[in-house]
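> Sharing coords-v1.tsv (TSV, C-alpha atoms) below.
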chain	number	residue	atom	x	y	z
E	1	MET	CA	65.09	7.83	66.85
E	2	ALA	CA	65.43	6.47	70.32
E	3	PHE	CA	69.13	6.89	71.06
E	4	LYS	CA	70.89	10.05	72.26
E	5	LYS	CA	72.39	12.36	69.71
E	6	ARG	CA	76.19	12.30	70.06
E	7	LEU	CA	77.79	15.52	71.04
E	8	THR	CA	80.57	16.14	68.64
E	9	GLU	CA	83.12	18.91	68.92
E	10	ILE	CA	82.82	21.57	66.29
E	11	LYS	CA	86.29	22.00	64.94
E	12	ALA	CA	86.98	25.58	63.83
E	13	PHE	CA	89.83	26.50	61.49
E	14	ILE	CA	90.97	29.39	59.35
E	15	PRO	CA	92.03	28.23	55.91
E	16	THR	CA	95.63	29.42	55.52
E	17	ALA	CA	96.05	28.30	51.97
E	18	SER	CA	95.90	31.86	50.61
E	19	MET	CA	98.34	33.31	53.15
E	20	ALA	CA	101.31	32.78	50.86
E	21	ASP	CA	99.44	34.44	48.01
E	22	ILE	CA	98.69	37.53	50.04
E	23	ALA	CA	102.25	37.67	51.34
E	24	PHE	CA	103.74	37.64	47.85
E	25	LEU	CA	101.22	40.15	46.58
E	26	LEU	CA	102.11	42.57	49.33
E	27	ILE	CA	105.83	42.10	48.72
E	28	ILE	CA	105.44	42.88	45.04
E	29	PHE	CA	103.15	45.81	45.75
E	30	PHE	CA	105.69	47.50	48.03
E	31	MET	CA	108.61	46.66	45.75
E	32	VAL	CA	106.81	48.46	42.98
E	33	THR	CA	105.52	51.50	44.80
E	34	THR	CA	108.63	52.45	46.78
E	35	THR	CA	110.39	55.42	45.21
E	36	PHE	CA	113.55	57.00	46.49
E	37	ASP	CA	113.62	60.79	46.54
E	38	VAL	CA	117.13	62.02	46.26
E	39	ASP	CA	116.22	65.36	47.83
E	40	ARG	CA	113.26	66.28	50.01
E	41	THR	CA	114.03	69.92	50.80
E	42	ARG	CA	110.96	72.08	50.44
E	43	VAL	CA	111.86	74.78	47.97
E	44	ASN	CA	109.70	77.46	46.38
E	45	LEU	CA	110.69	76.83	42.78
E	46	PRO	CA	110.30	79.32	39.93
E	47	LYS	CA	107.50	78.58	37.49
E	48	SER	CA	107.80	77.61	33.86
E	49	GLN	CA	105.49	76.42	31.16
E	50	MET	CA	107.91	74.34	29.14
E	51	ARG	CA	109.12	71.44	31.26
E	52	ILE	CA	110.76	68.08	30.77
E	53	GLU	CA	110.97	65.09	33.05
E	54	VAL	CA	114.14	65.05	35.17
E	55	PRO	CA	116.24	62.12	33.95
E	56	LYS	CA	116.60	59.32	36.49
E	57	GLY	CA	119.94	59.38	38.28
E	58	SER	CA	120.51	63.11	37.79
E	59	ALA	CA	122.70	64.89	40.27
E	60	TYR	CA	121.05	67.58	42.37
E	61	VAL	CA	122.33	70.96	43.50
E	62	VAL	CA	119.84	72.33	46.01
E	63	ILE	CA	119.82	76.01	46.95
E	64	TYR	CA	117.33	76.62	49.72
E	65	LYS	CA	116.53	79.43	52.06
E	66	GLU	CA	117.15	78.62	55.70
E	67	PRO	CA	113.76	79.16	57.35
E	68	GLY	CA	113.48	82.42	59.22
E	69	THR	CA	116.67	83.87	57.79
E	70	GLU	CA	117.84	85.40	54.55
E	71	ASN	CA	120.73	82.95	54.27
E	72	TYR	CA	120.96	80.36	51.60
E	73	GLY	CA	122.04	76.80	52.29
E	74	TYR	CA	123.34	74.31	49.77
E	75	LYS	CA	122.95	70.60	49.38
E	76	PHE	CA	124.35	68.22	46.82
E	77	SER	CA	123.50	64.73	45.66
E	78	ASP	CA	125.32	62.73	43.01
E	79	GLY	CA	122.05	61.11	41.99
E	80	LYS	CA	122.73	57.80	43.67
E	81	GLN	CA	122.23	58.75	47.30
E	82	MET	CA	120.38	61.27	49.45
E	83	SER	CA	121.49	64.86	49.26
E	84	THR	CA	123.93	66.04	51.90
E	85	PRO	CA	124.53	69.60	53.09
E	86	VAL	CA	127.41	71.49	51.56
E	87	ALA	CA	129.19	74.14	53.61
E	88	SER	CA	130.06	76.55	50.81
E	89	LEU	CA	130.14	76.94	47.06
E	90	THR	CA	133.83	76.03	46.98
E	91	ASP	CA	133.04	72.69	48.62
E	92	LEU	CA	130.26	72.32	46.06
E	93	GLU	CA	132.76	72.80	43.25
E	94	ALA	CA	134.87	69.94	44.59
E	95	GLN	CA	131.88	67.59	44.71
E	96	VAL	CA	130.51	68.61	41.30
E	97	SER	CA	133.93	68.21	39.67
E	98	ALA	CA	134.34	64.78	41.22
E	99	VAL	CA	131.03	63.59	39.79
E	100	ALA	CA	131.45	65.25	36.38
E	101	ALA	CA	134.96	63.88	35.98
E	102	VAL	CA	133.60	60.37	36.20
E	103	ASP	CA	130.43	60.97	34.18
E	104	PRO	CA	130.15	64.27	32.25
E	105	THR	CA	126.92	63.17	30.61
E	106	ARG	CA	125.07	62.99	33.89
E	107	PRO	CA	122.41	65.73	34.00
E	108	PHE	CA	122.70	68.17	36.87
E	109	VAL	CA	119.53	69.61	38.35
E	110	ILE	CA	119.42	73.09	39.86
E	111	LYS	CA	116.71	73.07	42.53
E	112	ALA	CA	116.74	76.65	43.73
E	113	GLU	CA	114.38	79.15	45.35
E	114	ALA	CA	112.64	81.46	42.91
E	115	ASP	CA	113.98	84.52	44.71
E	116	THR	CA	117.61	83.42	44.83
E	117	PRO	CA	119.90	86.30	43.90
E	118	TYR	CA	121.20	85.41	40.49
E	119	ARG	CA	124.83	85.65	41.61
E	120	ILE	CA	124.46	82.30	43.41
E	121	ILE	CA	122.99	80.61	40.33
E	122	ASP	CA	125.69	82.25	38.25
E	123	THR	CA	128.40	80.77	40.47
E	124	VAL	CA	126.81	77.33	40.25
E	125	MET	CA	126.57	77.59	36.44
E	126	ASP	CA	130.19	78.55	36.36
E	127	ILE	CA	131.08	75.54	38.49
E	128	PHE	CA	129.21	73.38	36.01
E	129	ARG	CA	130.97	74.99	33.06
E	130	ARG	CA	134.43	74.44	34.56
E	131	ALA	CA	133.59	70.87	35.58
E	132	GLY	CA	132.51	70.00	32.04
E	133	VAL	CA	128.86	69.35	32.83
E	134	GLU	CA	126.87	68.96	29.61
E	135	GLU	CA	123.23	69.01	30.60
E	136	ILE	CA	121.50	71.18	33.16
E	137	VAL	CA	117.87	71.05	34.23
E	138	MET	CA	116.37	73.95	36.15
E	139	LEU	CA	113.67	72.47	38.36
E	140	THR	CA	110.41	74.41	38.20
E	141	PHE	CA	106.78	74.27	39.15
E	142	GLN	CA	104.19	74.23	36.40
E	143	ARG	CA	103.11	77.66	35.27
E	144	THR	CA	99.38	77.86	34.63
E	145	LYS	CA	97.53	80.55	32.74
E	146	ASP	CA	96.48	82.15	36.02
E	147	ASP	CA	100.02	82.82	37.16
E	148	THR	CA	100.78	86.46	36.61
E	149	GLU	CA	104.32	86.79	37.89
A	150	MET	CA	64.62	7.66	53.26
A	151	GLY	CA	67.49	9.42	51.57
A	152	LYS	CA	68.22	7.02	48.71
A	153	LEU	CA	65.36	7.86	46.37
A	154	THR	CA	65.73	11.65	46.62
A	155	ASP	CA	69.50	11.44	46.00
A	156	LYS	CA	68.99	10.15	42.47
A	157	LEU	CA	66.46	12.84	41.60
A	158	LYS	CA	68.55	15.78	42.90
A	159	PRO	CA	69.46	18.07	40.01
A	160	GLN	CA	73.17	18.37	39.38
A	161	GLU	CA	74.42	21.69	40.65
A	162	ALA	CA	76.92	23.41	38.50
A	163	GLU	CA	79.22	25.97	40.07
A	164	ILE	CA	82.21	28.05	39.01
A	165	SER	CA	84.75	28.20	41.77
A	166	SER	CA	85.28	31.85	42.62
A	167	ALA	CA	88.04	31.23	45.07
A	168	SER	CA	90.72	32.71	42.80
A	169	MET	CA	88.70	35.78	41.83
A	170	ALA	CA	90.29	37.90	44.51
A	171	ASP	CA	93.74	36.74	43.41
A	172	ILE	CA	93.11	37.74	39.82
A	173	ALA	CA	91.64	41.06	40.89
A	174	PHE	CA	94.72	41.99	42.90
A	175	LEU	CA	97.07	40.84	40.17
A	176	LEU	CA	95.32	43.06	37.65
A	177	ILE	CA	95.39	46.02	40.04
A	178	ILE	CA	99.10	45.64	40.54
A	179	PHE	CA	99.76	45.13	36.85
A	180	PHE	CA	98.05	48.39	35.94
A	181	MET	CA	99.68	50.20	38.83
A	182	VAL	CA	103.04	49.10	37.51
A	183	THR	CA	102.47	49.96	33.88
A	184	THR	CA	100.97	53.40	34.55
A	185	VAL	CA	103.70	55.99	34.79
A	186	PHE	CA	103.21	59.22	36.73
A	187	SER	CA	105.83	61.91	36.26
A	188	ALA	CA	107.00	63.16	39.62
A	189	THR	CA	109.51	65.85	38.73
A	190	LYS	CA	109.88	68.10	35.74
A	191	GLY	CA	111.97	71.10	34.88
A	192	LEU	CA	113.55	73.27	32.20
A	193	ASP	CA	116.37	71.67	30.35
A	194	PHE	CA	119.37	73.12	28.60
A	195	LYS	CA	122.67	71.82	27.40
A	196	LEU	CA	125.99	73.52	27.80
A	197	PRO	CA	128.18	73.87	24.70
A	198	LYS	CA	130.80	71.13	24.65
A	199	ASP	CA	133.53	72.85	22.68
A	200	GLU	CA	135.92	75.04	24.57
A	201	ASP	CA	137.11	76.65	21.34
A	202	LYS	CA	133.72	77.79	20.18
A	203	THR	CA	133.49	81.38	21.29
A	204	ALA	CA	130.34	81.83	23.26
A	205	GLN	CA	130.82	85.58	23.04
A	206	ALA	CA	128.60	86.78	20.24
A	207	GLU	CA	128.64	90.46	19.27
A	208	THR	CA	125.83	92.18	21.11
A	209	GLN	CA	124.77	93.98	17.91
A	210	GLU	CA	124.14	90.84	15.89
A	211	ALA	CA	122.61	88.95	18.82
A	212	ILE	CA	119.29	89.55	20.49
A	213	PHE	CA	120.28	90.84	23.89
A	214	PHE	CA	118.29	90.42	27.09
A	215	LYS	CA	119.46	92.15	30.23
A	216	VAL	CA	117.65	91.17	33.44
A	217	LEU	CA	117.68	93.89	36.07
A	218	GLU	CA	117.63	93.81	39.87
A	219	ASP	CA	113.87	94.37	40.20
A	220	GLY	CA	113.05	91.44	37.89
A	221	SER	CA	112.26	93.59	34.84
A	222	PHE	CA	114.37	93.30	31.73
A	223	LEU	CA	115.61	95.15	28.66
A	224	MET	CA	115.27	93.54	25.24
A	225	ASP	CA	117.87	95.00	22.85
A	226	GLY	CA	118.11	98.04	25.11
A	227	ARG	CA	114.37	98.69	25.45
A	228	PRO	CA	112.32	97.86	28.53
A	229	ALA	CA	109.91	95.07	27.55
A	230	THR	CA	107.36	92.66	28.95
A	231	VAL	CA	107.37	88.90	28.53
A	232	ASP	CA	104.48	88.98	26.03
A	233	GLU	CA	106.52	91.14	23.67
A	234	ILE	CA	109.37	88.63	23.41
A	235	LEU	CA	108.01	86.13	20.88
A	236	PRO	CA	106.48	88.70	18.49
A	237	TYR	CA	109.81	90.56	18.51
A	238	ILE	CA	112.17	87.65	17.95
A	239	GLY	CA	109.82	85.75	15.59
A	240	PRO	CA	110.73	87.62	12.37
A	241	LYS	CA	114.41	87.73	13.33
A	242	LEU	CA	114.63	84.00	13.93
A	243	GLU	CA	112.75	83.28	10.72
A	244	ARG	CA	115.42	85.19	8.79
A	245	TRP	CA	118.24	83.53	10.72
A	246	PRO	CA	117.19	80.56	12.92
A	247	ASP	CA	120.61	80.35	14.59
A	248	LYS	CA	120.69	83.99	15.57
A	249	PRO	CA	122.39	84.10	18.96
A	250	ILE	CA	120.28	85.18	21.90
A	251	ILE	CA	122.14	86.35	24.98
A	252	ILE	CA	120.53	86.43	28.41
A	253	TYR	CA	122.66	88.52	30.75
A	254	THR	CA	121.38	88.67	34.33
A	255	ARG	CA	122.60	91.16	36.88
A	256	PRO	CA	124.04	89.43	39.99
A	257	ASP	CA	121.33	90.80	42.28
A	258	ALA	CA	118.42	90.05	39.97
A	259	PRO	CA	116.05	87.25	41.05
A	260	TYR	CA	116.59	83.81	39.54
A	261	LYS	CA	112.93	83.52	38.60
A	262	ALA	CA	113.22	86.45	36.20
A	263	MET	CA	115.88	84.63	34.17
A	264	VAL	CA	113.81	81.43	34.21
A	265	ARG	CA	110.78	83.40	32.96
A	266	ILE	CA	112.66	84.70	29.93
A	267	TYR	CA	114.31	81.35	29.19
A	268	ASP	CA	110.91	79.65	29.40
A	269	GLU	CA	109.42	82.18	26.98
A	270	LEU	CA	112.25	81.71	24.50
A	271	ILE	CA	111.95	77.92	24.58
A	272	LYS	CA	108.29	78.34	23.65
A	273	ALA	CA	109.41	79.36	20.17
A	274	THR	CA	109.26	75.72	19.07
A	275	GLU	CA	105.65	75.33	20.18
A	276	PRO	CA	102.99	75.56	17.47
A	277	PRO	CA	101.28	78.99	17.16
A	278	ASP	CA	97.98	77.76	18.56
A	279	LYS	CA	99.79	76.83	21.76
A	280	GLY	CA	101.40	80.25	22.06
A	281	GLY	CA	104.63	79.58	20.20
A	282	LEU	CA	106.17	80.44	16.88
A	283	GLY	CA	106.28	76.98	15.36
A	284	LEU	CA	110.03	77.13	14.74
A	285	ALA	CA	111.86	73.93	13.92
A	286	LYS	CA	114.99	74.57	15.99
A	287	THR	CA	115.23	75.73	19.57
A	288	PRO	CA	116.81	79.17	19.69
A	289	ASN	CA	120.56	79.47	20.18
A	290	ILE	CA	120.59	80.84	23.71
A	291	SER	CA	123.78	81.65	25.57
A	292	ILE	CA	123.91	82.61	29.21
A	293	PRO	CA	127.21	84.28	30.05
A	294	THR	CA	128.52	83.78	33.56
A	295	GLN	CA	130.17	86.46	35.62
A	296	SER	CA	133.58	84.82	35.34
A	297	GLU	CA	133.31	84.78	31.52
A	298	VAL	CA	132.43	88.46	31.70
A	299	ASN	CA	135.44	89.08	33.93
A	300	ASP	CA	137.69	87.29	31.44
A	301	TYR	CA	136.35	89.60	28.74
A	302	ILE	CA	136.96	92.65	30.88
A	303	ALA	CA	140.51	91.44	31.53
A	304	LEU	CA	141.08	91.21	27.77
A	305	PHE	CA	139.18	94.22	26.48
A	306	GLY	CA	138.87	96.50	29.48
A	307	TYR	CA	135.09	96.92	29.53
A	308	ASN	CA	131.93	94.96	30.25
A	309	PRO	CA	130.20	94.46	26.90
A	310	PHE	CA	126.86	93.90	28.58
A	311	GLU	CA	126.83	97.14	30.52
A	312	GLN	CA	127.21	99.35	27.50
A	313	GLN	CA	123.49	99.71	26.82
As C-alpha cells - that is how I would like this structure written.

Amino acid sequence: MAFKKRLTEIKAFIPTASMADIAFLLIIFFMVTTTFDVDRTRVNLPKSQMRIEVPKGSAYVVIYKEPGTENYGYKFSDGKQMSTPVASLTDLEAQVSAVAAVDPTRPFVIKAEADTPYRIIDTVMDIFRRAGVEEIVMLTFQRTKDDTE
Amino acid sequence: MGKLTDKLKPQEAEISSASMADIAFLLIIFFMVTTVFSATKGLDFKLPKDEDKTAQAETQEAIFFKVLEDGSFLMDGRPATVDEILPYIGPKLERWPDKPIIIYTRPDAPYKAMVRIYDELIKATEPPDKGGLGLAKTPNISIPTQSEVNDYIALFGYNPFEQQ
C-alpha cells in the first residue's frame, strides 16, 4: 500500500481478574495450616511403645531441666493459652486445682524429662489426685525396636 | 483478499484452561485439610474417681513392682528385666484379669523407669504377634503416691512397700 503505517501505542496490562482468587486461596490455606502449640519447651521425653493422641485442649504440666544446671523448672498451661512458668510446685497446685475445679474431665498432660527424679512426678501426681483430675497422659517419644534403654 | 479464506477456515475448538490452576489449588487444599497428621502422642491413664475405693491392695495378692534408684526394678521381690514382665504376669492375669498391679517407685528413681514398666504392662492388651498377651481388659494398675504411703504409715506405723 502507498500510505504510511500508523504507529499505534502498544497497551500493556496485567490481567487482575484472578487476584481475588489467589487472595482467598492464600487466606484459606493459612487458616487451615496454622496450629497453636500450647507448649514449645524442648524436653527429652521418656520413650514408650503404646501411645495415644493427646486430646485437644488438654492442660499441660511441663517439667524441664534448666539448660546447664541440674535444676528443674515448671510450666503450666490450662490448654487454652500458652504455658507460663510456675515458681514452685505449691503454685502449681493452686493452678491445677483452679482448672480441675471448673473441668475435672479435662486431661492433664505430664511433659517431663526422662531423667526427672520420680519424687517430682510423684508430687505432681499427688496434686492431680487431690485436685480431682481424672485423666492423665504422660507425654513420650515413640520407642522403636532399636531403643535399648 | 481476506473474504474467501475466512469462509474456508476450519473451526477451531478449544477448552478454556484458565480455571485449571484454580481447580488444582482447590484440590490441593482440600486434601491438605482432610489429611490428619498426629502431632503429639503419649501414654494415657485414668485416675480412680471414687474416694472410698481403697487403692491400697495387699502386696501379697497384688503383683508388686518396686522401681529402684538406678532404674532397675524388683518384680514381686525378685530383680527382673522388662522382657520378663509379660510372661510372668500373663498366667496370673488370665486366672484373674482384675488382679491389682502396684508400681511403687522410689523418690530418687528416674521417671523413665516407671514409664518403661507402665508401657510394658499396657502392652498386655496387644495381640501376641505384636508382643502382647491378647488380654481383653487393660490391667488394673495402681501407682501409689508418697503422700498416700505417708497416710498408711501414719495409720499402721510401717511402709508396706519397703518390707520386701
> By how many Å are CA of Thr148 (chain E) and CA of Val54 (chain E) apart?
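Taking CA of Thr148 (chain E) and CA of Val54 (chain E), their separation equals 25.3 Å.
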> Enumerate, in order of chain and increasing residue number, the residues of chain E with an atom no farther than 7 Å from chain A, each with its shortest atom pair and distance in Å to one decimal, counting all atoms listed in the file, as JSON lines.

{"residue": "E:Phe29", "atom": "CA", "partner": "A:Ile178", "partner_atom": "CA", "distance": 6.6}
{"residue": "E:Val32", "atom": "CA", "partner": "A:Val182", "partner_atom": "CA", "distance": 6.7}
{"residue": "E:Pro46", "atom": "CA", "partner": "A:Lys261", "partner_atom": "CA", "distance": 5.1}
{"residue": "E:Ser48", "atom": "CA", "partner": "A:Asp268", "partner_atom": "CA", "distance": 5.8}
{"residue": "E:Gln49", "atom": "CA", "partner": "A:Asp268", "partner_atom": "CA", "distance": 6.6}
{"residue": "E:Met50", "atom": "CA", "partner": "A:Asp268", "partner_atom": "CA", "distance": 6.1}
{"residue": "E:Arg51", "atom": "CA", "partner": "A:Gly191", "partner_atom": "CA", "distance": 4.6}
{"residue": "E:Ile52", "atom": "CA", "partner": "A:Lys190", "partner_atom": "CA", "distance": 5.0}
{"residue": "E:Glu53", "atom": "CA", "partner": "A:Lys190", "partner_atom": "CA", "distance": 4.2}
{"residue": "E:Val54", "atom": "CA", "partner": "A:Lys190", "partner_atom": "CA", "distance": 5.3}
{"residue": "E:Ala114", "atom": "CA", "partner": "A:Lys261", "partner_atom": "CA", "distance": 4.8}
{"residue": "E:Asp115", "atom": "CA", "partner": "A:Pro259", "partner_atom": "CA", "distance": 5.0}
{"residue": "E:Thr116", "atom": "CA", "partner": "A:Tyr260", "partner_atom": "CA", "distance": 5.4}
{"residue": "E:Pro117", "atom": "CA", "partner": "A:Pro259", "partner_atom": "CA", "distance": 4.9}
{"residue": "E:Tyr118", "atom": "CA", "partner": "A:Pro256", "partner_atom": "CA", "distance": 4.9}
{"residue": "E:Arg119", "atom": "CA", "partner": "A:Pro256", "partner_atom": "CA", "distance": 4.2}
{"residue": "E:Asp122", "atom": "CA", "partner": "A:Thr294", "partner_atom": "CA", "distance": 5.7}
{"residue": "E:Asp126", "atom": "CA", "partner": "A:Thr294", "partner_atom": "CA", "distance": 6.2}
{"residue": "E:Glu134", "atom": "CA", "partner": "A:Leu196", "partner_atom": "CA", "distance": 5.0}
{"residue": "E:Glu135", "atom": "CA", "partner": "A:Lys195", "partner_atom": "CA", "distance": 4.3}
{"residue": "E:Ile136", "atom": "CA", "partner": "A:Phe194", "partner_atom": "CA", "distance": 5.4}
{"residue": "E:Val137", "atom": "CA", "partner": "A:Asp193", "partner_atom": "CA", "distance": 4.2}
{"residue": "E:Met138", "atom": "CA", "partner": "A:Leu192", "partner_atom": "CA", "distance": 4.9}
{"residue": "E:Leu139", "atom": "CA", "partner": "A:Gly191", "partner_atom": "CA", "distance": 4.1}
{"residue": "E:Thr140", "atom": "CA", "partner": "A:Gly191", "partner_atom": "CA", "distance": 4.9}
> Limited to C-alpha atoms, could you put the picked residues into a file as a JSON list (two decimals), in the coordinates of the input?

[["chain", "number", "residue", "atom", "x", "y", "z"],
["E", 29, "PHE", "CA", 103.15, 45.81, 45.75],
["E", 32, "VAL", "CA", 106.81, 48.46, 42.98],
["E", 46, "PRO", "CA", 110.30, 79.32, 39.93],
["E", 48, "SER", "CA", 107.80, 77.61, 33.86],
["E", 49, "GLN", "CA", 105.49, 76.42, 31.16],
["E", 50, "MET", "CA", 107.91, 74.34, 29.14],
["E", 51, "ARG", "CA", 109.12, 71.44, 31.26],
["E", 52, "ILE", "CA", 110.76, 68.08, 30.77],
["E", 53, "GLU", "CA", 110.97, 65.09, 33.05],
["E", 54, "VAL", "CA", 114.14, 65.05, 35.17],
["E", 114, "ALA", "CA", 112.64, 81.46, 42.91],
["E", 115, "ASP", "CA", 113.98, 84.52, 44.71],
["E", 116, "THR", "CA", 117.61, 83.42, 44.83],
["E", 117, "PRO", "CA", 119.90, 86.30, 43.90],
["E", 118, "TYR", "CA", 121.20, 85.41, 40.49],
["E", 119, "ARG", "CA", 124.83, 85.65, 41.61],
["E", 122, "ASP", "CA", 125.69, 82.25, 38.25],
["E", 126, "ASP", "CA", 130.19, 78.55, 36.36],
["E", 134, "GLU", "CA", 126.87, 68.96, 29.61],
["E", 135, "GLU", "CA", 123.23, 69.01, 30.60],
["E", 136, "ILE", "CA", 121.50, 71.18, 33.16],
["E", 137, "VAL", "CA", 117.87, 71.05, 34.23],
["E", 138, "MET", "CA", 116.37, 73.95, 36.15],
["E", 139, "LEU", "CA", 113.67, 72.47, 38.36],
["E", 140, "THR", "CA", 110.41, 74.41, 38.20]]
> List the neighbours of Ser58 (chain E) out to 12 Å using only C-alpha atoms; skip same-chain residues closer than 4 positions along the sequence, and give me the result as a PyMOL selection string.
(chain E and resi 37-39+53-54+76-83+96+99-100+103-111+133-139) or (chain A and resi 189-190)
> Would you mind listing what lies within 10 Å of Asp147 (chain E) as a PDB file with C-alpha atoms, in the frame of the given file, with only C-alpha atoms counted and same-chain residues fewer than 4 positions away left out?

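Output contents, as saved in around-v7.pdb:
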ATOM      1  CA  LYS E  47     107.500  78.580  37.490  1.00  0.00           C
ATOM      2  CA  SER E  48     107.800  77.610  33.860  1.00  0.00           C
ATOM      3  CA  GLN E 142     104.190  74.230  36.400  1.00  0.00           C
ATOM      4  CA  ARG E 143     103.110  77.660  35.270  1.00  0.00           C
TER       5      ARG E 143
END
> How big is the axis-aligned box around the listed atoms of region 214-223 of chain A once 8 Å is added on each side, and where is its centre? Give both in Å to one decimal, as lines of an AutoDock Vina configuration file.

center_x = 115.9
center_y = 92.8
center_z = 33.6
size_x = 23.2
size_y = 20.7
size_z = 29.1
> What is the distance between CA of Phe222 (chain A) and CA of Ala273 (chain A), in Å to one decimal?
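Between CA of Phe222 (chain A) and CA of Ala273 (chain A) the gap works out to 18.8 Å.
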> Report, in Å with one decimal, the straight-line distance from CA of Tyr74 (chain E) to CA of Ala87 (chain E).
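Taking CA of Tyr74 (chain E) and CA of Ala87 (chain E), their separation equals 7.0 Å.
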> Quick one: residues within 8 Å of Glu113 (chain E), only C-alpha atoms, excluding same-chain residues fewer than 6 positions away - as a ChimeraX atom specification?
/E:43-46,63-65 /A:260
> Need to verify the contact set: Glu311 (chain A), 9 Å, only C-alpha atoms, exclusion of same-chain residues closer than 3 positions in sequence. Can you return it as a list in words?
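Listing them by chain and then by number gives Lys215, Tyr307 and Asn308 of chain A.
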> Under the rule that all atoms listed in the file are counted, which of E:Phe13, E:Ala131, E:Thr33, E:Val62 is the nearest residue to Val102 (chain E)?
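So, comparing all the options, the nearest one is E:Ala131.
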> Please rebuild region 110-128 of chain E with N, CA and C atoms and give the result as a CSV table (one decimal), keeping the file's coordinate frame.

chain,number,residue,atom,x,y,z
E,110,ILE,N,119.3,71.9,39.0
E,110,ILE,CA,119.4,73.1,39.9
E,110,ILE,C,118.0,73.2,40.5
E,111,LYS,N,118.0,72.9,41.8
E,111,LYS,CA,116.7,73.1,42.5
E,111,LYS,C,116.9,74.3,43.4
E,112,ALA,N,116.5,75.4,43.0
E,112,ALA,CA,116.7,76.6,43.7
E,112,ALA,C,115.5,77.5,44.0
E,113,GLU,N,115.5,78.2,45.0
E,113,GLU,CA,114.4,79.2,45.4
E,113,GLU,C,114.2,80.1,44.2
E,114,ALA,N,112.9,80.5,44.0
E,114,ALA,CA,112.6,81.5,42.9
E,114,ALA,C,113.3,82.8,43.1
E,115,ASP,N,113.4,83.2,44.4
E,115,ASP,CA,114.0,84.5,44.7
E,115,ASP,C,115.5,84.5,44.9
E,116,THR,N,116.1,83.4,44.6
E,116,THR,CA,117.6,83.4,44.8
E,116,THR,C,118.3,84.5,44.1
E,117,PRO,N,119.2,85.3,44.7
E,117,PRO,CA,119.9,86.3,43.9
E,117,PRO,C,120.7,85.6,42.8
E,118,TYR,N,120.6,86.1,41.6
E,118,TYR,CA,121.2,85.4,40.5
E,118,TYR,C,122.7,85.1,40.6
E,119,ARG,N,123.4,85.9,41.5
E,119,ARG,CA,124.8,85.6,41.6
E,119,ARG,C,125.1,84.2,42.1
E,120,ILE,N,124.2,83.7,42.9
E,120,ILE,CA,124.5,82.3,43.4
E,120,ILE,C,124.3,81.3,42.3
E,121,ILE,N,123.2,81.5,41.5
E,121,ILE,CA,123.0,80.6,40.3
E,121,ILE,C,124.1,80.7,39.4
E,122,ASP,N,124.6,82.0,39.2
E,122,ASP,CA,125.7,82.2,38.2
E,122,ASP,C,126.9,81.5,38.7
E,123,THR,N,127.2,81.5,40.0
E,123,THR,CA,128.4,80.8,40.5
E,123,THR,C,128.2,79.3,40.2
E,124,VAL,N,127.0,78.8,40.5
E,124,VAL,CA,126.8,77.3,40.2
E,124,VAL,C,127.0,77.0,38.8
E,125,MET,N,126.4,77.8,37.9
E,125,MET,CA,126.6,77.6,36.4
E,125,MET,C,128.0,77.6,36.0
E,126,ASP,N,128.8,78.5,36.7
E,126,ASP,CA,130.2,78.6,36.4
E,126,ASP,C,130.9,77.3,36.8
E,127,ILE,N,130.5,76.8,38.0
E,127,ILE,CA,131.1,75.5,38.5
E,127,ILE,C,130.8,74.4,37.5
E,128,PHE,N,129.6,74.4,37.0
E,128,PHE,CA,129.2,73.4,36.0
E,128,PHE,C,130.0,73.5,34.7
